[in-house]
Amino acid sequence: MNYYEKTIVVGEEDLDDLDHVNNVRYVQWIQDISKEHWQARVTKEILESVVWVVMNHNITYKSAAMLNDTILVRTHIAKSRGPISVRVVEMFNAKTNSLLVRSSTEWCLLNAKTFKPTRISENIKEIFSNETR
C-alpha cells in the first residue's frame with residue numbers, strides 16, 4: 001500500500017478537559033493530512049479545476065494520546081468510483097506503534113466552477129495509485 005504520512009507532536013492546545021487529545025482535534029488532523037496529500041500530488045491545473053467535499057466521516061477512536069506524544073499520521077486512498085473517493089487515515093503512537101484512531105472518509109469531487117459532482121479522472125486515479133510515499 002502506498003501511503004502519505006507525517007508526524008505531529010501533541011501540544012497543550014490539542015488537549016481536552018481530561019488531558020487527552022480532543023476528538024475535534026483528530027478530525028482536524030484528518031482534514032489536514034487529506035488536504036496536504038492532495039496538494040502535494042496534483043498539478044496546479046488540477047487544483048484549480050476541481051475541489052473535494054466530505055460526504056461522510058467514520059471515525060473509530062481506539063486509544064488516547066497525551067501531551068508531548070508523537071503521533072504518526074498516515075493516509076491512503078482505499079478506492080474510487082465515479083465522483084467518490086474513500087480515504088483512510090490512521091494515527092499511531094509513534095513510540096509504541098499502537099493505533100489511536102482510524103477513519104474512513106467519503107469525499108466527493110466537484111467541478112470548481114459549477115460545484116457539481118464530476119467523475120474522478122484516470123489521470124487523478126493514476127497519480128494516487130502510483131505514488132511512492
# chains A, B, ... in the order shown; residues from 1 in each chain; ligands from 1
call {"tool": "residues_around", "arguments": {"residues": "Val89 in chain A", "least_positions_apart": "2", "cutoff": "6 Å", "atoms": "only C-alpha atoms", "output": "PyMOL selection string"}}
result
chain A and resi 74-75+102-103
call {"tool": "write_last_selection", "arguments": {"atoms": "N, CA and C atoms", "output": "short mmCIF file (atom, residue, chain, number, x, y, z; two decimals), in the first residue's frame"}}
result
data_model
loop_
_atom_site.label_atom_id
_atom_site.label_comp_id
_atom_site.auth_asym_id
_atom_site.auth_seq_id
_atom_site.Cartn_x
_atom_site.Cartn_y
_atom_site.Cartn_z
N ARG A 74 -1.04 8.68 8.96
CA ARG A 74 -0.83 8.01 7.67
C ARG A 74 -2.15 7.97 6.90
N THR A 75 -2.08 8.25 5.59
CA THR A 75 -3.29 8.22 4.78
C THR A 75 -3.04 7.56 3.43
N ARG A 102 -8.66 5.46 13.64
CA ARG A 102 -8.78 5.04 12.24
C ARG A 102 -10.03 5.67 11.68
N SER A 103 -9.89 6.32 10.53
CA SER A 103 -11.05 6.93 9.90
C SER A 103 -11.14 6.50 8.44
#
call {"tool": "residues_around", "arguments": {"residues": "Val86 in chain A", "least_positions_apart": "4", "cutoff": "6 Å", "atoms": "only C-alpha atoms", "output": "PyMOL selection string"}}
result
chain A and resi 77-79+105-106
call {"tool": "write_last_selection", "arguments": {"atoms": "C-alpha atoms", "output": "PDB file, in the first residue's frame"}}
result
ATOM      1  CA  ILE A  77      -6.892   6.218  -0.994  1.00  0.00           C
ATOM      2  CA  ALA A  78      -8.737   2.941  -0.442  1.00  0.00           C
ATOM      3  CA  LYS A  79     -10.981   3.129  -3.509  1.00  0.00           C
ATOM      4  CA  THR A 105     -13.978   9.298   4.779  1.00  0.00           C
ATOM      5  CA  GLU A 106     -16.061   9.516   1.627  1.00  0.00           C
TER       6      GLU A 106
END
call {"tool": "closest_residue", "arguments": {"among": "A:Asn97, A:Asn111, A:Ser104, A:Asn23", "to": "Ile46 in chain A", "atoms": "only C-alpha atoms"}}
result
A:Asn111
call {"tool": "closest_residue", "arguments": {"among": "A:Ser80, A:Asn2, A:Asn123, A:Gln31", "to": "Val54 in chain A", "atoms": "only C-alpha atoms"}}
result
A:Gln31
call {"tool": "atom_distance", "arguments": {"atom1": "CA of Leu18 in chain A", "atom2": "CA of Thr60 in chain A"}}
result
18.5 Å
call {"tool": "atom_distance", "arguments": {"atom1": "CA of Met91 in chain A", "atom2": "CA of Met55 in chain A"}}
result
21.0 Å
